[in-house]
Amino acid sequence: MSSGSSASLRHRLAERGIDRGLLMLLPALVFTVALFIYPFLYGIGLTIQPTAGMQEQWGGGIWSNYVAFFRDPFVFDSVWITLRLALPAALFNVLAAIPVAFKLRGKFRGKRLLTTLLVLPITLGTVLTAQGLLIFAGRQGWLNTFLVQIGLVSEPIAFVNNYLGVFLSLVISGFPFSFLLISSYLSGIDPSLEAAATTLGASWFQRFRRIILPLLAPGLATTFILTFVLAFSVFPSARLVGDPTGDTRVMALMAYRSFGEQIDYPMASTIAIMMGVVELIVIAIVMLWRTTLYRGSTGGKG
Amino acid sequence: MTTVDNATGPETATRPRRRLVAAPSTWVVWALVAVFFVFLIGILVSVLVDSFGRRWFGGWLPEEFTASWYAEAWDRFNMTHVIGVTVLVGVSVVVISVLIGVPAAYLLARRNFPGKQVVTLLFLLPIIIPPITYGIPLATVMYNVGLGRTLVAVILVNLVASVPFVIMTMTPFIEQINPSIESAARMCGAQMKDVFLRILGPLLVPGILAAAILVLVRTVGMFELTFLVSGPPTDTLVVAIYRAMTAAGGGEARALISAMAVVYTVTMLVILIVALRFVNPTQLVARVRDTSSDD
């Protein structure tokens with residue numbers, strides 16, 4: 001009798017979608033909880049266990065890490081420094097990728113080669129890009145030698161060891177990525193929609209504004225968010241081609257400084273968590289913008 | 001959006017173009033692409049030249065060419081060991097994340113169950129949160145339990161980013177496989193295991209291969225997470241290059257680092273060329289549907 005009732009319970013659960021098959025999800029869940037959720041919560045716990053030195057310097061009891069974060073301009077300014085770098089870089093990558101993706105949408109000879117070449121830098125990695133930029137765009141590099149020799153500039157331009165260097169490295173690693181994403185979103189838009197609008201006499205700008213843009217908006221938002229995440233967490237290039245004590249003193253660098261150099265794990269976690277908070281705020285704003293721009297199904301995608 | 005402004009006026013009057021971006025803006029696009037390639041090729045070639053050059057203090061080319069930097073880099077940085085570590089970490093991460101990720105992706109693609117949205121969000125979070133944000137607490141935990149600077153720690157931190165990545169790339173892939181094939185197999189009495197090994201497995205091979213190669217590229221290139229938990233004996237190639245560049249006293253000789261960077265690029269290129277034989281890059285994120293219209 002008991003076996004009968006448990007069988008029916010199993011049956012009822014199965015109807016709601018719960019059965020032994022769900023066990024396939026278990027390893028992934030265990031991993032995510034053990035390696036992501038738990039350390040995350042542990043990190044949040046650490047932020048309210050400031051070191052004695054921190055408490056002495058900034059007061060505020062268990063909150064002294066946060067007091068230090070907001071009061072210490074050396075730390076807090078890194079928020080603006082990071083945003084000033086990541087927002088323009090992400091925006092540039094998305095905006096520049098749109099026309100290029102459009103151009104490469106049609107069929108033409110060498111398309112596959114060109115696409116491959118554009119996507120290639122994804123594999124370069126920030127460290128190699130940094131080394132290359134230092135040599136190629138440095139004071140005595142080819143770029144400056146060329147610009148001086150054709151007489152475009154009289155003095156070599158400072159491309160590296162400043163804001164511009166990090167920006168360039170973010171574009172080189174981020175542009176291929178956003179190009180890849182945008183072209184795949186573009187390929188999901190049914191060309192017959194555009195054809196229909198054309199027969200109704202829509203100019204190409206009208207078609208772009210009224211058809212492509214709304215359909216592409218969710219893809220653009222996603223692309224922006226993903227390139228922003230990449231640019232926001234920039235770390236090696238900020239150190240290598242940037243000016244790590246000044247213009248490119250980004251949050252990741254500050255977090256690592258507390259972690260690796262000062263061995264102050266609570267403060268390191270505080271900066272790391274605040275980094276996540278700032279980033280999620282930006283993402284939330286983008287999502288909000290997306291919903292005000294267009295509500296409705298994305299149509300073009302499966 | 002410069003190209004958009006470029007062509008508003010006269011374009012409307014003429015016959016509609018085949019493509020959306022009209023002719024006057026074409027050169028802007030090509031200029032953009034050209035500048036990008038100048039930087040890209042400049043970076044690659046100058047690193048390559050530097051790695052073979054001796055006494056290059058400005059000017060177009062170094063005074064002499066030599067291959068000795070490679071031999072020196074190989075000895076100085078124990079490259080055999082570093083590359084061994086990189087390969088070991090890469091392969092372990094790929095195998096484990098595929099084994100864990102694919103069944104989860106299958107479930108997310110096929111089933112509805114209570115809490116599905118929460119689970120999906122859980123797998124999405126590590127992708128949209130900066131690696132440093134969860135990396136630092138995770139590294140702290142690792143050091144506290146005595147795993148710091150071990151190979152296990154390096155593999156584990158890389159899994160945090162890779163498992164969700166496999167799930168996210170595999171879910172749409174599985175969604176396109178017709179479920180009736182599985183139903184038919186079950187009707188004929190196949191167990192879950194048989195369905196996986198005989199039916200889904202062969203159909204999923206291209207998707208798994210794509211995901212595996214992408215995870216390999218990500219892991220070999222992953223700097224932030226690896227750097228937080230690795231020490232000199234467990235450094236992967238990227239981290240070793242970074243440490244050489246930032247070593248006390250202005251870093252190692254530039255050409256030595258360039259030689260290491262070239263080795264790194266060649267490794268990556270080999271992986272990528274293998275990858276492109278199996279995967280069309282623009283179809284990774286979209287549902288794989290437009291084969292008929294494209295290629």
# chains A, B, ... in the order shown; residues from 1 in each chain; ligands from 1
>>> residues_around(residues="Leu156 of chain B", least_positions_apart="4", cutoff="8 Å", atoms="only C-alpha atoms", output="ChimeraX atom specification")
/A:35 /B:93,152,160
>>> write_last_selection(atoms="N, CA, C and O atoms", output="mmCIF file, in the first residue's frame")
data_model
loop_
_atom_site.group_PDB
_atom_site.id
_atom_site.type_symbol
_atom_site.label_atom_id
_atom_site.label_comp_id
_atom_site.auth_asym_id
_atom_site.auth_seq_id
_atom_site.Cartn_x
_atom_site.Cartn_y
_atom_site.Cartn_z
ATOM 1 N N LEU A 35 31.368 26.701 -6.016
ATOM 2 C CA LEU A 35 32.456 27.548 -6.510
ATOM 3 C C LEU A 35 32.023 28.974 -6.820
ATOM 4 O O LEU A 35 32.867 29.830 -7.076
ATOM 5 N N VAL B 93 39.906 21.327 -17.896
ATOM 6 C CA VAL B 93 38.740 22.207 -17.822
ATOM 7 C C VAL B 93 37.740 21.844 -18.913
ATOM 8 O O VAL B 93 36.536 21.751 -18.660
ATOM 9 N N VAL B 152 44.953 22.131 -8.774
ATOM 10 C CA VAL B 152 43.519 21.922 -8.550
ATOM 11 C C VAL B 152 42.803 23.265 -8.501
ATOM 12 O O VAL B 152 41.750 23.452 -9.120
ATOM 13 N N VAL B 160 34.492 27.711 -13.026
ATOM 14 C CA VAL B 160 33.397 28.622 -12.676
ATOM 15 C C VAL B 160 32.926 29.372 -13.914
ATOM 16 O O VAL B 160 31.731 29.582 -14.113
#
>>> closest_atom_pairs(of="chain A", to="chain B", cutoff="6 Å", atoms="only C-alpha atoms", output="CSV")
residue,atom,partner,partner_atom,distance
A:Gly17,CA,B:Phe113,CA,4.7
A:Met24,CA,B:Pro103,CA,5.4
A:Leu25,CA,B:Ala104,CA,4.6
A:Pro27,CA,B:Ile100,CA,5.9
A:Ala28,CA,B:Ile100,CA,5.5
A:Pro39,CA,B:Leu138,CA,4.9
A:Phe40,CA,B:Tyr134,CA,5.9
A:Gly43,CA,B:Pro137,CA,4.7
A:Leu95,CA,B:Met1,CA,5.8
A:Val100,CA,B:Val29,CA,5.8
A:Gly125,CA,B:Gly221,CA,5.7
A:Leu128,CA,B:Ala261,CA,5.8
A:Gly132,CA,B:Ile43,CA,4.3
A:Leu133,CA,B:Ile43,CA,5.9
A:Phe136,CA,B:Ile43,CA,5.6
A:Gln140,CA,B:Gly58,CA,4.8
A:Leu180,CA,B:Thr282,CA,5.8
A:Ser184,CA,B:Thr282,CA,5.0
A:Ser203,CA,B:Thr12,CA,5.2
A:Trp204,CA,B:Leu20,CA,5.6
A:Ser233,CA,B:Pro130,CA,5.5
A:Ser269,CA,B:Pro137,CA,5.9
A:Ala272,CA,B:Thr133,CA,4.3
A:Ile273,CA,B:Thr133,CA,5.5
A:Gly276,CA,B:Thr133,CA,5.8
>>> select_by_dssp(residues="segment 75-281 of chain B", states="helix (DSSP H, G or I)", output="PyMOL selection string")
chain B and resi 75-76+79-110+116-128+131-144+151-175+179-187+192-221+224-229+232-234+237-246+254-278+281
>>> decode(residues="segment 91-110 of chain B", atoms="N, CA, C and O atoms", output="compact mmCIF listing (two decimals), in the first residue's frame")
# COMPACT_ATOMS: atom_id res chain seq x y z
N VAL B 91 42.95 21.09 -20.99
CA VAL B 91 42.25 19.84 -21.28
C VAL B 91 41.35 19.43 -20.12
O VAL B 91 40.19 19.05 -20.33
N SER B 92 41.83 19.55 -18.88
CA SER B 92 40.99 19.16 -17.75
C SER B 92 39.73 20.02 -17.69
O SER B 92 38.64 19.51 -17.46
N VAL B 93 39.91 21.33 -17.90
CA VAL B 93 38.74 22.21 -17.82
C VAL B 93 37.74 21.84 -18.91
O VAL B 93 36.54 21.75 -18.66
N VAL B 94 38.23 21.58 -20.12
CA VAL B 94 37.33 21.24 -21.22
C VAL B 94 36.56 19.96 -20.88
O VAL B 94 35.32 19.92 -20.96
N VAL B 95 37.28 18.91 -20.47
CA VAL B 95 36.62 17.62 -20.23
C VAL B 95 35.59 17.75 -19.11
O VAL B 95 34.43 17.36 -19.26
N ILE B 96 36.01 18.36 -17.99
CA ILE B 96 35.08 18.44 -16.85
C ILE B 96 33.89 19.32 -17.19
O ILE B 96 32.74 18.96 -16.90
N SER B 97 34.13 20.47 -17.85
CA SER B 97 32.99 21.35 -18.07
C SER B 97 32.02 20.77 -19.09
O SER B 97 30.81 21.00 -18.98
N VAL B 98 32.52 19.99 -20.05
CA VAL B 98 31.59 19.34 -20.98
C VAL B 98 30.78 18.26 -20.26
O VAL B 98 29.55 18.17 -20.40
N LEU B 99 31.47 17.47 -19.43
CA LEU B 99 30.77 16.40 -18.71
C LEU B 99 29.69 16.96 -17.79
O LEU B 99 28.61 16.39 -17.64
N ILE B 100 29.97 18.09 -17.16
CA ILE B 100 28.99 18.68 -16.25
C ILE B 100 27.95 19.49 -17.00
O ILE B 100 26.77 19.47 -16.68
N GLY B 101 28.41 20.23 -18.01
CA GLY B 101 27.55 21.20 -18.66
C GLY B 101 26.52 20.61 -19.61
O GLY B 101 25.38 21.06 -19.64
N VAL B 102 26.91 19.60 -20.38
CA VAL B 102 26.00 19.09 -21.41
C VAL B 102 24.72 18.50 -20.83
O VAL B 102 23.63 18.83 -21.30
N PRO B 103 24.79 17.64 -19.78
CA PRO B 103 23.53 17.14 -19.23
C PRO B 103 22.64 18.28 -18.71
O PRO B 103 21.42 18.26 -18.92
N ALA B 104 23.25 19.28 -18.07
CA ALA B 104 22.46 20.40 -17.57
C ALA B 104 21.82 21.15 -18.73
O ALA B 104 20.64 21.53 -18.67
N ALA B 105 22.58 21.35 -19.82
CA ALA B 105 22.04 22.05 -20.98
C ALA B 105 20.87 21.26 -21.57
O ALA B 105 19.86 21.83 -21.97
N TYR B 106 21.02 19.94 -21.58
CA TYR B 106 19.95 19.08 -22.11
C TYR B 106 18.67 19.32 -21.34
O TYR B 106 17.59 19.49 -21.91
N LEU B 107 18.80 19.32 -20.01
CA LEU B 107 17.62 19.49 -19.17
C LEU B 107 16.98 20.86 -19.38
O LEU B 107 15.76 20.98 -19.47
N LEU B 108 17.81 21.89 -19.48
CA LEU B 108 17.28 23.24 -19.66
C LEU B 108 16.62 23.38 -21.03
O LEU B 108 15.67 24.14 -21.20
N ALA B 109 17.10 22.63 -22.01
CA ALA B 109 16.54 22.74 -23.36
C ALA B 109 15.22 21.99 -23.48
O ALA B 109 14.33 22.39 -24.21
N ARG B 110 15.10 20.87 -22.76
CA ARG B 110 13.97 19.98 -23.00
C ARG B 110 12.85 20.06 -21.97
O ARG B 110 11.71 19.74 -22.28
